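Source file coords-v3.csv; content: CSV, C-alpha atoms.
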chain,number,residue,atom,x,y,z
Z,176,MET,CA,6.5,-21.6,255.0
Z,177,ARG,CA,5.4,-24.6,252.9
Z,178,THR,CA,2.3,-22.8,251.8
Z,179,VAL,CA,4.3,-19.8,250.8
Z,180,LEU,CA,6.7,-22.0,248.7
Z,181,ILE,CA,3.7,-23.7,247.0
Z,182,PHE,CA,2.1,-20.3,246.3
Z,183,ILE,CA,5.4,-18.9,244.8
Z,184,GLY,CA,5.8,-22.0,242.7
Z,185,LEU,CA,2.2,-21.7,241.3
Z,186,LEU,CA,2.8,-18.0,240.6
Z,187,LEU,CA,6.0,-18.8,238.6
Z,188,VAL,CA,4.3,-21.5,236.6
Z,189,SER,CA,1.1,-19.5,235.9
Z,190,GLY,CA,3.1,-16.3,235.3
Z,191,CYS,CA,4.2,-17.5,231.9
Z,192,ALA,CA,1.5,-16.5,229.5
Z,193,TYR,CA,3.5,-17.4,226.4
Z,194,ARG,CA,4.4,-20.9,225.4
Z,195,ALA,CA,7.7,-21.8,223.7
Z,196,GLU,CA,7.1,-21.8,220.0
Z,197,GLN,CA,9.1,-23.2,217.0
Z,198,ALA,CA,11.3,-20.6,215.2
Z,199,PRO,CA,12.6,-21.1,211.7
Z,200,ALA,CA,16.2,-22.4,211.8
Z,201,GLY,CA,18.7,-19.6,212.1
Z,202,SER,CA,16.1,-17.0,212.9
Z,203,TRP,CA,18.1,-15.5,215.7
Z,204,LEU,CA,21.0,-14.8,213.5
Z,205,ALA,CA,18.6,-13.3,210.9
Z,206,GLN,CA,17.1,-11.0,213.6
Z,207,LYS,CA,20.3,-10.2,215.6
Z,208,GLN,CA,20.7,-6.8,214.0
Z,209,GLN,CA,17.0,-5.9,214.6
Z,210,LEU,CA,17.4,-7.0,218.3
Z,211,SER,CA,20.5,-4.8,218.7
Z,212,GLU,CA,18.6,-1.8,217.3
Z,213,LEU,CA,15.5,-2.5,219.5
Z,214,GLU,CA,15.9,0.3,222.1
Z,215,ASN,CA,12.2,1.1,222.9
Z,216,TRP,CA,10.3,-1.7,224.6
Z,217,GLN,CA,8.4,-2.7,227.7
Z,218,LEU,CA,7.5,-5.9,229.4
Z,219,ALA,CA,5.5,-7.3,232.3
Z,220,ALA,CA,6.8,-10.4,234.0
Z,221,ARG,CA,6.9,-12.5,237.2
Z,222,LEU,CA,10.3,-12.5,238.8
Z,223,GLY,CA,11.3,-15.2,241.2
Z,224,ILE,CA,14.4,-14.4,243.4
Z,225,ILE,CA,16.1,-17.1,245.4
Z,226,THR,CA,19.0,-16.4,247.7
Z,227,PRO,CA,20.4,-18.3,250.7
Z,228,ASP,CA,18.4,-15.9,253.0
Z,229,GLU,CA,15.1,-15.6,251.1
Z,230,ARG,CA,12.8,-16.7,248.4
Z,231,GLY,CA,10.3,-14.4,246.8
Z,232,SER,CA,8.1,-13.8,243.8
Z,233,LEU,CA,7.6,-10.3,242.4
Z,234,SER,CA,5.9,-8.5,239.6
Z,235,LEU,CA,8.2,-6.8,237.2
Z,236,PHE,CA,7.4,-3.9,234.9
Z,237,TRP,CA,10.3,-2.7,232.7
Z,238,ARG,CA,10.2,0.1,230.2
Z,239,ASN,CA,13.3,0.7,228.2
Z,240,ASN,CA,13.8,3.9,226.1
Z,241,SER,CA,17.2,4.0,224.4
Z,242,ASP,CA,19.7,4.4,227.2
Z,243,ASP,CA,17.1,5.2,229.8
Z,244,TYR,CA,14.9,2.7,231.7
Z,245,ARG,CA,12.4,2.3,234.5
Z,246,LEU,CA,12.2,-0.9,236.3
Z,247,ASN,CA,9.3,-1.4,238.8
Z,248,LEU,CA,9.1,-4.3,241.3
Z,249,THR,CA,6.0,-5.0,243.4
Z,250,ASN,CA,5.2,-7.8,245.8
Z,251,VAL,CA,2.3,-10.2,245.5
Z,252,VAL,CA,-0.1,-7.8,247.1
Z,253,GLY,CA,1.0,-4.9,244.8
Z,254,LYS,CA,3.1,-3.0,247.2
Z,255,ARG,CA,6.2,-1.3,245.7
Z,256,VAL,CA,9.5,-3.1,246.5
Z,257,PHE,CA,11.4,-0.5,244.5
Z,258,ASP,CA,11.4,1.7,241.4
Z,259,LEU,CA,14.7,1.8,239.7
Z,260,SER,CA,15.3,4.3,236.8
Z,261,ARG,CA,18.1,5.7,234.7
Z,262,ARG,CA,17.5,9.1,233.1
Z,263,ASN,CA,20.3,10.9,231.3
Z,264,GLY,CA,22.9,8.7,233.0
Z,265,ARG,CA,21.5,9.3,236.5
Z,266,ILE,CA,20.5,6.2,238.4
Z,267,GLU,CA,17.8,6.5,241.1
Z,268,LEU,CA,16.1,4.0,243.3
Z,269,ILE,CA,12.9,4.8,245.2
Z,270,ASP,CA,12.5,2.2,248.0
Z,271,SER,CA,9.3,0.8,249.6
Z,272,GLU,CA,9.3,3.7,252.1
Z,273,GLY,CA,9.5,6.4,249.3
Z,274,GLN,CA,13.1,7.2,250.0
Z,275,ARG,CA,15.3,8.2,247.0
Z,276,HIS,CA,18.8,6.8,246.6
Z,277,THR,CA,21.2,7.5,243.8
Z,278,ALA,CA,24.4,5.9,242.6
Z,279,SER,CA,26.6,5.5,239.5
Z,280,ASN,CA,26.0,1.7,239.2
Z,281,ALA,CA,22.5,0.2,239.3
Z,282,ARG,CA,23.7,-3.3,240.3
Z,283,ASP,CA,25.7,-2.0,243.3
Z,284,LEU,CA,22.8,0.2,244.4
Z,285,VAL,CA,20.2,-2.6,244.3
Z,286,TYR,CA,22.6,-4.9,246.2
Z,287,ALA,CA,23.4,-2.3,248.8
Z,288,LEU,CA,19.7,-1.7,249.6
Z,289,THR,CA,18.2,-5.2,249.1
Z,290,GLY,CA,21.1,-7.7,249.2
Z,291,TRP,CA,19.9,-8.9,245.8
Z,292,ASP,CA,22.5,-9.4,243.0
Z,293,LEU,CA,20.6,-8.1,239.9
Z,294,PRO,CA,22.8,-7.5,236.8
Z,295,VAL,CA,20.5,-4.6,235.7
Z,296,GLU,CA,22.8,-3.3,232.9
Z,297,GLN,CA,23.4,-6.7,231.3
Z,298,LEU,CA,19.8,-7.8,231.9
Z,299,ALA,CA,18.5,-5.2,229.4
Z,300,ASP,CA,20.2,-7.1,226.6
Z,301,TRP,CA,19.8,-10.6,228.0
Z,302,ILE,CA,16.1,-10.1,228.4
Z,303,LYS,CA,15.8,-9.5,224.6
Z,304,GLY,CA,17.9,-12.7,223.9
Z,305,MET,CA,21.0,-10.7,223.1
Z,306,PRO,CA,24.2,-12.1,224.6
Z,307,GLY,CA,27.3,-9.9,224.6
Z,308,ASP,CA,30.1,-10.4,222.2
Z,309,ALA,CA,32.4,-11.8,224.9
Z,310,ASP,CA,29.8,-14.2,226.3
Z,311,THR,CA,29.9,-17.9,225.8
Z,312,VAL,CA,26.7,-19.0,224.0
Z,313,SER,CA,25.1,-22.3,223.0
Z,314,PHE,CA,22.1,-22.3,220.7
Z,315,ASP,CA,19.0,-24.4,220.5
Z,316,ALA,CA,17.9,-26.4,217.5
Z,317,ASP,CA,16.2,-23.3,216.0
Z,318,GLY,CA,19.4,-21.2,216.3
Z,319,ARG,CA,18.3,-19.2,219.3
Z,320,PRO,CA,20.4,-18.7,222.4
Z,321,ALA,CA,19.8,-21.6,224.8
Z,322,GLN,CA,22.5,-21.0,227.4
Z,323,VAL,CA,24.8,-18.1,228.0
Z,324,GLN,CA,27.8,-17.7,230.4
Z,325,SER,CA,28.7,-14.1,231.1
Z,326,HIS,CA,30.6,-12.4,234.0
Z,327,GLY,CA,30.0,-15.4,236.3
Z,328,TRP,CA,26.3,-15.6,235.4
Z,329,GLN,CA,24.7,-18.7,233.9
Z,330,LEU,CA,21.6,-18.0,231.8
Z,331,ARG,CA,19.1,-20.5,230.5
Z,332,TYR,CA,16.5,-19.5,227.9
Z,333,LEU,CA,13.5,-21.8,228.6
Z,334,GLY,CA,11.0,-20.4,226.1
Z,335,TYR,CA,10.5,-17.9,223.3
Z,336,THR,CA,7.6,-16.2,221.7
Z,337,GLN,CA,7.2,-14.2,218.5
Z,338,ILE,CA,6.3,-10.6,218.8
Z,339,ASP,CA,6.1,-8.4,215.7
Z,340,ARG,CA,8.1,-11.0,213.7
Z,341,LEU,CA,10.9,-11.1,216.4
Z,342,TRP,CA,11.6,-14.1,218.6
Z,343,LEU,CA,11.9,-12.8,222.2
Z,344,PRO,CA,12.4,-14.8,225.4
Z,345,SER,CA,9.3,-15.7,227.4
Z,346,ARG,CA,11.1,-17.6,230.1
Z,347,LEU,CA,14.6,-17.2,231.4
Z,348,GLU,CA,16.6,-18.5,234.4
Z,349,LEU,CA,19.8,-16.7,235.6
Z,350,SER,CA,22.1,-17.9,238.4
Z,351,HIS,CA,25.3,-16.5,239.9
Z,352,ASN,CA,27.0,-17.8,243.0
Z,353,THR,CA,24.1,-18.2,245.5
Z,354,THR,CA,21.5,-16.0,243.6
Z,355,THR,CA,18.9,-17.5,241.2
Z,356,LEU,CA,16.5,-15.4,239.2
Z,357,LYS,CA,13.5,-16.9,237.3
Z,358,LEU,CA,11.7,-14.6,234.8
Z,359,ALA,CA,8.4,-15.4,233.2
Z,360,VAL,CA,7.3,-12.7,230.7
Z,361,SER,CA,3.6,-12.3,230.4
Z,362,ARG,CA,3.6,-9.3,228.0
Z,363,TRP,CA,6.1,-7.8,225.5
Z,364,GLU,CA,5.4,-4.5,223.8
Z,365,LEU,CA,7.8,-3.1,221.2
Z,366,ASN,CA,8.1,0.6,220.4
Z,367,PRO,CA,5.4,1.6,222.9

Would you give me this structure, written as structure tokens?
Amino acid sequence: MRTVLIFIGLLLVSGCAYRAEQAPAGSWLAQKQQLSELENWQLAARLGIITPDERGSLSLFWRNNSDDYRLNLTNVVGKRVFDLSRRNGRIELIDSEGQRHTASNARDLVYALTGWDLPVEQLADWIKGMPGDADTVSFDADGRPAQVQSHGWQLRYLGYTQIDRLWLPSRLELSHNTTTLKLAVSRWELNP
């Protein structure tokens, strides 16, 4: 167990290919409109999931296309944990056995099948550094979101990187009740 925890820790640390960089003061406010209009993007990241019952490190690939998305999670040996997609408002999850499951709410579907509380719908904005209008936000010295409180979730933005003149999160930690998610983005691609 100790070896597994050390391995997961090393993966999380090494999974962050970007380093936090300095942004011009107020740059987030200047780019807020661009971020809200950014609908087509993809990223690759390491995702650490910590619950009372388990700890794990996964590879995450997320492709967002307007209101549709595909989120793919694989374990450390590359085996599919699940593929989650939304196409034309239809949410489908394909599990590790290849079984297809559908629901009207992605968060509830993931929780029912895995026990993981993943705020999928909000995560699409949070992952871009876009808190919601009703969220409580504190900003860093460069005017970027540093901490966000939303729907019982606590978010900490731990690093940013500049991609195509936009400052996007490179490291993010989310916690809610007994679930903690740690995200280390290794690659952003805008308008793929």

I'd like the contact shell of His326 (chain Z) - 10 Å cut-off, only C-alpha atoms, skipping same-chain residues fewer than 5 positions apart - returned as a list in words.
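Non-adjacent residues within range: Pro294, Gln297, Ala309, Asp310, Thr311 and His351 of chain Z.
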
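If you look at CA of Leu358 (chain Z) and CA of Ser345 (chain Z), they are 7.9 Å away from each other.
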
Quick one: residues within 12 Å of Pro306 (chain Z), all atoms listed in the file counted, chain neighbours fewer than 5 positions away excluded, as a PyMOL selection string?
chain Z and resi 203-204+207+210-211+297-301+311-314+319-326+328-332

Quick one: everything within 12 Å of Ser279 (chain Z), counting all atoms listed in the file, minus sequence neighbours fewer than 5 positions away in the same chain. Send it as a list in words.
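Counting all atoms listed in the file, the residues come to Ser260, Arg261, Arg262, Asn263, Gly264, Arg265, Ile266, Glu267, Leu268, Leu284, Val285 and Glu296 of chain Z.
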
Residues at most 6 Å from Leu235 (chain Z), counting only C-alpha atoms, excluding those fewer than 2 positions away in the same chain, as a PyMOL selection string?
chain Z and resi 219-221+247-248

Take the selection from the previous step and output its residues with C-alpha atoms, as a compact mmCIF listing (two decimals), in the frame of the given file.
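Below is the file that was written, result.txt:
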# COMPACT_ATOMS: atom_id res chain seq x y z
CA ALA Z 219 5.50 -7.30 232.30
CA ALA Z 220 6.80 -10.40 234.00
CA ARG Z 221 6.90 -12.50 237.20
CA ASN Z 247 9.30 -1.40 238.80
CA LEU Z 248 9.10 -4.30 241.30

Hey, what's within 9 Å of Gln209 (chain Z) if we count all atoms listed in the file and toss same-chain stuff fewer than 4 positions away? As a list in words, please?
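Once the adjacent positions are removed, what remains is Ala205, Leu213 and Leu341 of chain Z.
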
Pick the closest to Gly273 (chain Z) from Z:Lys357, Z:Val256, Z:Leu293, Z:Leu288: which is it, counting only C-alpha atoms?
Z:Val256

Work out how far apart CA of Leu349 (chain Z) and CA of Ile224 (chain Z) are and give it in Å to one decimal.
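Those two atoms sit 9.8 Å apart.
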
At what distance in Å, to one decimal, does CA of Asp243 (chain Z) lie from CA of Thr354 (chain Z)?
25.7 Å

Between Z:Gln337, Z:Thr353, Z:Asn215, Z:Ser271, single out the one closest to Gly290 (chain Z), counting all atoms listed in the file.
Z:Thr353

Scan for residues within 9 Å of the point (19.3, 1.2, 252.8) in the coordinates of the file, using only C-alpha atoms, and reply as a ChimeraX atom specification.
/Z:270,276,287-289

My list of candidates is Z:Gly334, Z:Pro367, Z:Gly307, Z:Gly223. Which is closest to Ser350 (chain Z) when distances are computed with only C-alpha atoms?
Z:Gly223

Nearest-residue call for Ile225 (chain Z), choices Z:Gly327, Z:Asp292, Z:Leu356, Z:Met305, using all atoms listed in the file:
Z:Leu356

Would you please work out which residue, of Z:Asn366, Z:Val360, Z:Trp291, Z:Leu343, is nearest to Glu229 (chain Z) when using all atoms listed in the file?
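Nearest candidate to Glu229 (chain Z) out of Z:Asn366, Z:Val360, Z:Trp291, Z:Leu343: Z:Trp291.
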